[in-house]
Number of protein chains: 2
Amino acid sequence: MEETYFQHYFKSLPETRVKKGEILLSAGDISSKVYYVQEGCLRSYLIDDNGKEHIYQFAPEDWVISDEEALLQQKPALLFIDAVEDSVVKILNRPANLKEDNVDPETALQILDKFEKKVNSLRSRIIQLLSASAEERYSVFVKTYPNLIQRVPQKMIASYLGITPESLSRVRKEILNKK
Amino acid sequence: MEETYFQHYFKSLPETRVKKGEILLSAGDISSKVYYVQEGCLRSYLIDDNGKEHIYQFAPEDWVISDEEALLQQKPALLFIDAVEDSVVKILNRPANLKEDNVDPETALQILDKFEKKVNSLRSRIIQLLSASAEERYSVFVKTYPNLIQRVPQKMIASYLGITPESLSRVRKEILNKK
DNA sequence: TTTATTTCTTACCATACATCAATTTTTCCG
DNA sequence: CGGAAAAATTGATGTATGGTAAGAAATAAA
């Protein structure tokens with residue numbers, strides 16, 4: 001597959017090494033940074049009013065992660081971003097307003113393409129949260145991101161799926177029993 | 001506020017009147033149509049394996065609705081789209097690939113802007129589904145779309161929130177009791 | 001390696017929300 | 001308007017998932 005302008009652009013940026021657990025963005029920060037993951041895995045999550053963590057996104061190799069909403073509106077971040085594994089990332093300082101950055105049409109279309117993919121993935125997550133049981137959601141996750149299962153602690157997967165680690169443990173047992 | 005290229009463009013298209021309940025898109029259809037709602041309200045929803053309806057989106061005035069994923073990949077739609085009220089819509093035949101449509105940079109950026117807003121709204125829905133109770137989700141809905149509350153049957157709002165109509169009825173009673 | 005820390009599992013009980021069914025209220029339409 | 005259909009409410013009960021706590025297993029640190 002042809003390398004996009006993005007991949008090319010990100011690759012030209014200097015590498016930054018991040019240790020597992022290292023926090024790149026905290027809720028409340030104001031930031032214009034976008035992280036491109038070259039190696040390893042980052043995640044974004046929020047902490048709700050009851051102090052519970054909810055994972056919004058995982059970003060393994062070749063994914064991009066940020067708090068887009070905070071970035072676009074230049075307001076305090078809602079999300080935390082940290083490293084799930086030791087990782088190598090590229091940090092892009094993105095302007096909130098692309099218009100001011102003189103983006104060429106070709107690039108705009110590529111960005112658009114990325115956004116469309118993102119919208120699709122968010123959509124399927126919403127649809128699943130609305131219509132599927134914990135067990136079904138887990139099964140879909142396993143199918144969709146088989147390699148993350150090995151790399152990400154179960155409790156984080158539970159958090160991403162919207163259930164407790166205990167429930168996920170029981171769900172997994174259930175699935176094993178069926179086989 | 002200045003009128004965007006989009007609003008301008010959509011307005012130039014011929015009007016189509018749709019009766020309440022009329023179906024514009026059915027799951028399984030292949031379509032390249034995007035609906036701009038000038039008056040009234042449309043919705044998109046899916047029917048799951050148990051025959052249950054789940055509303056993905058409401059589109060009142062000045063919103064756009066389609067099955068983007070199906071459109072982009074030119075595959076059968078997952079969603080149904082129908083009219084919640086008698087409505088007036090503009091129908092746009094959107095090419096799956098914008099590149100082939102020679103979109104000018106200004107327009108690309110406007111599309112991008114729309115996508116960013118969409119991503120933000122999907123995000124907050126996911127975050128709510130992950131972290132908020134039925135009652136909290138309903139309260140947020142009331143605040144966010146106060147005028148839809150009057151126009152859309154409760155059972156549809158329940159479906160959008162991911163709960164049953166019975167539960168929503170109880171939630172509302174609960175809220176009234178508190179006041 | 002040994003020890004400390006985190007993660008995972010399991011059991012028991014609690015709770016939010018679902019289901020089913022009957023009734024009332026609202027909306028639709030001839 | 002008046003009857004039929006759809007939507008909303010309510011009560012009784014079921015179920016998926018949550019909470020708590022304790023121990024086992026895995027991982028990290030010393």
# chains A, B, ... in the order shown; residues from 1 in each chain; ligands from 1
call {"tool": "interface_residues", "arguments": {"of": "chain A", "to": "chain C", "cutoff": "9 Å", "atoms": "only C-alpha atoms (C1' of nucleotides)", "output": "compact mmCIF listing (two decimals) with C-alpha atoms, in the first residue's frame"}}
result
# COMPACT_ATOMS: atom_id res chain seq x y z
CA PRO A 153 -4.25 -6.06 30.86
CA GLN A 154 -7.72 -7.55 31.11
CA LYS A 155 -8.92 -4.84 33.40
CA PRO A 165 -12.79 -6.59 35.53
CA GLU A 166 -14.70 -9.13 37.65
CA SER A 169 -13.34 -12.58 34.16
CA ARG A 170 -16.71 -14.30 34.50
call {"tool": "calpha_fit_and_write", "arguments": {"fixed": "chain A", "moving": "chain B", "output": "mmCIF file with C-alpha atoms, in the first residue's frame"}}
result
data_model
loop_
_atom_site.group_PDB
_atom_site.id
_atom_site.type_symbol
_atom_site.label_atom_id
_atom_site.label_comp_id
_atom_site.auth_asym_id
_atom_site.auth_seq_id
_atom_site.Cartn_x
_atom_site.Cartn_y
_atom_site.Cartn_z
ATOM 1 C CA MET B 1 -0.106 -0.258 0.254
ATOM 2 C CA GLU B 2 1.027 3.217 -0.651
ATOM 3 C CA GLU B 3 2.298 5.371 2.144
ATOM 4 C CA THR B 4 0.058 8.332 2.876
ATOM 5 C CA TYR B 5 1.201 11.865 3.379
ATOM 6 C CA PHE B 6 0.497 11.352 7.051
ATOM 7 C CA GLN B 7 2.571 8.320 7.599
ATOM 8 C CA HIS B 8 5.324 10.041 5.696
ATOM 9 C CA TYR B 9 4.942 13.226 7.672
ATOM 10 C CA PHE B 10 4.810 11.535 11.044
ATOM 11 C CA LYS B 11 7.835 9.446 10.233
ATOM 12 C CA SER B 12 9.870 12.553 9.576
ATOM 13 C CA LEU B 13 9.309 13.803 13.114
ATOM 14 C CA PRO B 14 11.776 13.001 15.895
ATOM 15 C CA GLU B 15 11.104 9.906 17.976
ATOM 16 C CA THR B 16 10.168 10.140 21.618
ATOM 17 C CA ARG B 17 10.466 7.184 23.950
ATOM 18 C CA VAL B 18 7.793 6.721 26.574
ATOM 19 C CA LYS B 19 7.909 4.329 29.493
ATOM 20 C CA LYS B 20 4.944 2.149 30.366
ATOM 21 C CA GLY B 21 2.690 4.118 32.693
ATOM 22 C CA GLU B 22 4.094 7.463 31.656
ATOM 23 C CA ILE B 23 1.402 10.119 31.334
ATOM 24 C CA LEU B 24 1.475 12.278 28.203
ATOM 25 C CA LEU B 25 -1.693 14.244 28.815
ATOM 26 C CA SER B 26 -3.733 14.836 31.957
ATOM 27 C CA ALA B 27 -7.347 15.940 32.259
ATOM 28 C CA GLY B 28 -7.321 19.704 32.730
ATOM 29 C CA ASP B 29 -4.267 20.291 30.558
ATOM 30 C CA ILE B 30 -4.459 22.544 27.558
ATOM 31 C CA SER B 31 -2.577 20.967 24.706
ATOM 32 C CA SER B 32 -2.245 20.982 20.932
ATOM 33 C CA LYS B 33 -0.382 17.733 20.719
ATOM 34 C CA VAL B 34 -1.279 14.725 18.684
ATOM 35 C CA TYR B 35 0.582 11.473 19.275
ATOM 36 C CA TYR B 36 1.427 9.081 16.496
ATOM 37 C CA VAL B 37 2.366 5.667 17.851
ATOM 38 C CA GLN B 38 5.256 4.106 16.019
ATOM 39 C CA GLU B 39 5.825 1.272 18.438
ATOM 40 C CA GLY B 40 4.013 0.127 21.562
ATOM 41 C CA CYS B 41 0.594 1.207 22.703
ATOM 42 C CA LEU B 42 -0.992 4.274 24.250
ATOM 43 C CA ARG B 43 -4.506 4.707 25.625
ATOM 44 C CA SER B 44 -6.824 7.574 26.433
ATOM 45 C CA TYR B 45 -9.235 7.442 29.335
ATOM 46 C CA LEU B 46 -11.309 9.571 31.633
ATOM 47 C CA ILE B 47 -11.929 9.441 35.335
ATOM 48 C CA ASP B 48 -15.579 9.944 36.186
ATOM 49 C CA ASP B 49 -17.161 11.639 39.194
ATOM 50 C CA ASN B 50 -16.981 8.411 41.178
ATOM 51 C CA GLY B 51 -13.280 8.121 40.512
ATOM 52 C CA LYS B 52 -13.708 5.315 38.013
ATOM 53 C CA GLU B 53 -11.549 4.982 34.939
ATOM 54 C CA HIS B 54 -13.138 4.478 31.517
ATOM 55 C CA ILE B 55 -10.954 3.799 28.507
ATOM 56 C CA TYR B 56 -11.977 5.702 25.418
ATOM 57 C CA GLN B 57 -9.320 4.490 23.018
ATOM 58 C CA PHE B 58 -6.329 2.249 22.558
ATOM 59 C CA ALA B 59 -3.654 3.355 20.119
ATOM 60 C CA PRO B 60 -1.269 0.601 19.055
ATOM 61 C CA GLU B 61 1.257 0.955 16.219
ATOM 62 C CA ASP B 62 0.362 3.354 13.426
ATOM 63 C CA TRP B 63 -2.555 4.875 15.323
ATOM 64 C CA VAL B 64 -2.985 8.471 16.290
ATOM 65 C CA ILE B 65 -4.274 9.588 19.650
ATOM 66 C CA SER B 66 -5.161 12.915 21.250
ATOM 67 C CA ASP B 67 -7.976 14.671 23.036
ATOM 68 C CA GLU B 68 -9.392 16.061 19.808
ATOM 69 C CA GLU B 69 -12.218 17.934 21.374
ATOM 70 C CA ALA B 70 -9.996 19.771 23.805
ATOM 71 C CA LEU B 71 -7.504 20.404 21.055
ATOM 72 C CA LEU B 72 -9.987 21.849 18.601
ATOM 73 C CA GLN B 73 -11.625 24.122 21.090
ATOM 74 C CA GLN B 74 -8.430 24.858 22.971
ATOM 75 C CA LYS B 75 -10.022 23.981 26.248
ATOM 76 C CA PRO B 76 -8.899 21.782 29.149
ATOM 77 C CA ALA B 77 -8.635 18.100 28.275
ATOM 78 C CA LEU B 78 -11.188 15.651 29.563
ATOM 79 C CA LEU B 79 -8.982 12.683 28.819
ATOM 80 C CA PHE B 80 -5.757 11.325 30.161
ATOM 81 C CA ILE B 81 -3.305 9.731 27.761
ATOM 82 C CA ASP B 82 -0.655 7.329 28.963
ATOM 83 C CA ALA B 83 1.460 4.428 27.786
ATOM 84 C CA VAL B 84 0.168 0.881 28.143
ATOM 85 C CA GLU B 85 3.553 -0.452 27.067
ATOM 86 C CA ASP B 86 6.979 1.065 26.584
ATOM 87 C CA SER B 87 6.429 2.945 23.347
ATOM 88 C CA VAL B 88 7.997 5.073 20.675
ATOM 89 C CA VAL B 89 5.862 8.013 19.586
ATOM 90 C CA LYS B 90 6.010 11.019 17.302
ATOM 91 C CA ILE B 91 4.588 14.216 18.680
ATOM 92 C CA LEU B 92 2.785 16.547 16.328
ATOM 93 C CA ASN B 93 1.813 20.036 17.315
ATOM 94 C CA ARG B 94 -1.448 20.408 15.509
ATOM 95 C CA PRO B 95 -3.071 23.801 15.011
ATOM 96 C CA ALA B 96 -6.658 23.914 16.250
ATOM 97 C CA ASN B 97 -7.772 25.369 12.990
ATOM 98 C CA LEU B 98 -6.554 23.635 9.899
ATOM 99 C CA LYS B 99 -7.505 26.589 7.758
ATOM 100 C CA GLU B 100 -4.756 28.602 9.310
ATOM 101 C CA ASP B 101 -2.314 25.926 8.451
ATOM 102 C CA ASN B 102 -2.730 26.154 4.700
ATOM 103 C CA VAL B 103 -3.461 22.518 4.272
ATOM 104 C CA ASP B 104 -3.240 21.455 0.650
ATOM 105 C CA PRO B 105 -6.257 19.733 -0.887
ATOM 106 C CA GLU B 106 -4.620 16.351 -1.126
ATOM 107 C CA THR B 107 -3.819 16.429 2.565
ATOM 108 C CA ALA B 108 -7.268 17.661 3.469
ATOM 109 C CA LEU B 109 -8.743 14.670 1.698
ATOM 110 C CA GLN B 110 -6.413 12.331 3.508
ATOM 111 C CA ILE B 111 -7.380 13.849 6.819
ATOM 112 C CA LEU B 112 -10.972 13.468 5.780
ATOM 113 C CA ASP B 113 -10.417 9.848 5.007
ATOM 114 C CA LYS B 114 -8.988 9.294 8.486
ATOM 115 C CA PHE B 115 -11.953 11.030 10.032
ATOM 116 C CA GLU B 116 -14.369 8.900 8.116
ATOM 117 C CA LYS B 117 -12.705 5.780 9.391
ATOM 118 C CA LYS B 118 -12.782 7.165 12.887
ATOM 119 C CA VAL B 119 -16.468 7.979 12.649
ATOM 120 C CA ASN B 120 -17.117 4.420 11.506
ATOM 121 C CA SER B 121 -15.262 2.923 14.404
ATOM 122 C CA LEU B 122 -17.013 5.163 16.911
ATOM 123 C CA ARG B 123 -20.290 4.237 15.338
ATOM 124 C CA SER B 124 -19.794 0.553 15.693
ATOM 125 C CA ARG B 125 -18.794 1.028 19.303
ATOM 126 C CA ILE B 126 -21.993 2.953 20.019
ATOM 127 C CA ILE B 127 -24.077 0.362 18.257
ATOM 128 C CA GLN B 128 -22.470 -2.360 20.294
ATOM 129 C CA LEU B 129 -22.921 -0.526 23.564
ATOM 130 C CA LEU B 130 -26.579 -0.076 22.678
ATOM 131 C CA SER B 131 -27.317 -3.545 21.470
ATOM 132 C CA ALA B 132 -24.834 -6.156 22.618
ATOM 133 C CA SER B 133 -24.238 -7.990 25.884
ATOM 134 C CA ALA B 134 -20.909 -7.903 27.695
ATOM 135 C CA GLU B 135 -20.073 -11.289 26.256
ATOM 136 C CA GLU B 136 -20.849 -10.265 22.702
ATOM 137 C CA ARG B 137 -18.847 -7.070 23.035
ATOM 138 C CA TYR B 138 -15.866 -9.004 24.315
ATOM 139 C CA SER B 139 -16.076 -11.514 21.487
ATOM 140 C CA VAL B 140 -16.150 -8.729 18.935
ATOM 141 C CA PHE B 141 -13.176 -7.086 20.594
ATOM 142 C CA VAL B 142 -11.194 -10.316 20.417
ATOM 143 C CA LYS B 143 -11.982 -10.647 16.742
ATOM 144 C CA THR B 144 -11.280 -7.025 15.943
ATOM 145 C CA TYR B 145 -8.091 -6.545 17.935
ATOM 146 C CA PRO B 146 -6.724 -10.051 18.464
ATOM 147 C CA ASN B 147 -3.226 -8.875 19.177
ATOM 148 C CA LEU B 148 -4.287 -6.341 21.798
ATOM 149 C CA ILE B 149 -5.702 -9.164 23.884
ATOM 150 C CA GLN B 150 -2.176 -10.374 24.499
ATOM 151 C CA ARG B 151 -0.728 -6.968 25.202
ATOM 152 C CA VAL B 152 -3.286 -5.122 27.281
ATOM 153 C CA PRO B 153 -4.238 -6.088 30.862
ATOM 154 C CA GLN B 154 -7.721 -7.572 31.093
ATOM 155 C CA LYS B 155 -8.908 -4.873 33.411
ATOM 156 C CA MET B 156 -8.225 -2.284 30.712
ATOM 157 C CA ILE B 157 -10.165 -4.259 28.167
ATOM 158 C CA ALA B 158 -13.014 -4.490 30.663
ATOM 159 C CA SER B 159 -12.889 -0.739 31.085
ATOM 160 C CA TYR B 160 -12.981 -0.233 27.317
ATOM 161 C CA LEU B 161 -15.977 -2.558 27.057
ATOM 162 C CA GLY B 162 -17.822 -0.787 29.853
ATOM 163 C CA ILE B 163 -17.802 -3.622 32.382
ATOM 164 C CA THR B 164 -15.864 -4.462 35.550
ATOM 165 C CA PRO B 165 -12.766 -6.659 35.554
ATOM 166 C CA GLU B 166 -14.678 -9.202 37.622
ATOM 167 C CA SER B 167 -17.409 -9.400 35.030
ATOM 168 C CA LEU B 168 -14.935 -9.805 32.216
ATOM 169 C CA SER B 169 -13.293 -12.641 34.088
ATOM 170 C CA ARG B 170 -16.670 -14.368 34.388
ATOM 171 C CA VAL B 171 -17.495 -13.721 30.758
ATOM 172 C CA ARG B 172 -14.235 -15.325 29.688
ATOM 173 C CA LYS B 173 -14.891 -18.335 31.884
ATOM 174 C CA GLU B 174 -18.351 -18.617 30.335
ATOM 175 C CA ILE B 175 -16.877 -18.555 26.832
ATOM 176 C CA LEU B 176 -14.340 -21.236 27.729
ATOM 177 C CA ASN B 177 -17.073 -23.455 29.146
ATOM 178 C CA LYS B 178 -18.964 -23.257 25.904
ATOM 179 C CA LYS B 179 -16.067 -24.501 23.864
#
call {"tool": "select_by_dssp", "arguments": {"residues": "chain A", "states": "helix (DSSP H, G or I)", "output": "ChimeraX atom specification"}}
result
/A:5-12,68-73,98-101,105-131,134-144,146-151,154-161,165-178
call {"tool": "interface_residues", "arguments": {"of": "chain D", "to": "chain B", "cutoff": "10 Å", "atoms": "only C-alpha atoms (C1' of nucleotides)", "output": "VMD selection string"}}
result
chain D and resid 7 to 10
call {"tool": "select_by_dssp", "arguments": {"residues": "stretch 3-71 of chain A", "states": "strand (DSSP E)", "output": "VMD selection string"}}
result
chain A and resid 15 to 18 23 to 25 33 to 39 41 to 47 53 to 60 64 to 65
call {"tool": "decode", "arguments": {"residues": "chain D", "atoms": "C-alpha atoms (C1' of nucleotides)", "output": "PDB file, in the first residue's frame"}}
result
ATOM      1  C1'  DC D   1     -66.499  13.387  17.121  1.00  0.00           C
ATOM      2  C1'  DG D   2     -65.601   8.647  18.383  1.00  0.00           C
ATOM      3  C1'  DG D   3     -63.386   4.358  18.040  1.00  0.00           C
ATOM      4  C1'  DA D   4     -58.965   2.131  17.208  1.00  0.00           C
ATOM      5  C1'  DA D   5     -54.223   2.098  17.614  1.00  0.00           C
ATOM      6  C1'  DA D   6     -50.064   3.531  19.700  1.00  0.00           C
ATOM      7  C1'  DA D   7     -47.655   5.197  23.609  1.00  0.00           C
ATOM      8  C1'  DA D   8     -46.968   5.666  28.422  1.00  0.00           C
ATOM      9  C1'  DT D   9     -47.488   4.058  33.115  1.00  0.00           C
ATOM     10  C1'  DT D  10     -47.382   0.780  36.825  1.00  0.00           C
ATOM     11  C1'  DG D  11     -46.698  -3.561  39.419  1.00  0.00           C
ATOM     12  C1'  DA D  12     -44.586  -7.995  39.938  1.00  0.00           C
ATOM     13  C1'  DT D  13     -40.728 -10.520  38.966  1.00  0.00           C
ATOM     14  C1'  DG D  14     -36.339 -11.941  36.391  1.00  0.00           C
ATOM     15  C1'  DT D  15     -31.502 -11.379  35.008  1.00  0.00           C
ATOM     16  C1'  DA D  16     -27.106  -9.370  33.727  1.00  0.00           C
ATOM     17  C1'  DT D  17     -23.848  -7.091  35.637  1.00  0.00           C
ATOM     18  C1'  DG D  18     -21.874  -4.633  39.807  1.00  0.00           C
ATOM     19  C1'  DG D  19     -19.747  -4.490  44.567  1.00  0.00           C
ATOM     20  C1'  DT D  20     -17.015  -6.513  48.126  1.00  0.00           C
ATOM     21  C1'  DA D  21     -13.728  -9.437  49.875  1.00  0.00           C
ATOM     22  C1'  DA D  22     -10.402 -13.026  49.930  1.00  0.00           C
ATOM     23  C1'  DG D  23      -7.165 -15.884  47.851  1.00  0.00           C
ATOM     24  C1'  DA D  24      -4.351 -17.383  43.640  1.00  0.00           C
ATOM     25  C1'  DA D  25      -1.581 -16.160  39.883  1.00  0.00           C
ATOM     26  C1'  DA D  26       1.222 -13.297  37.307  1.00  0.00           C
ATOM     27  C1'  DT D  27       4.320  -9.535  36.873  1.00  0.00           C
ATOM     28  C1'  DA D  28       7.578  -6.273  38.455  1.00  0.00           C
ATOM     29  C1'  DA D  29      11.037  -4.806  41.571  1.00  0.00           C
ATOM     30  C1'  DA D  30      14.733  -5.416  44.641  1.00  0.00           C
TER      31       DA D  30
END
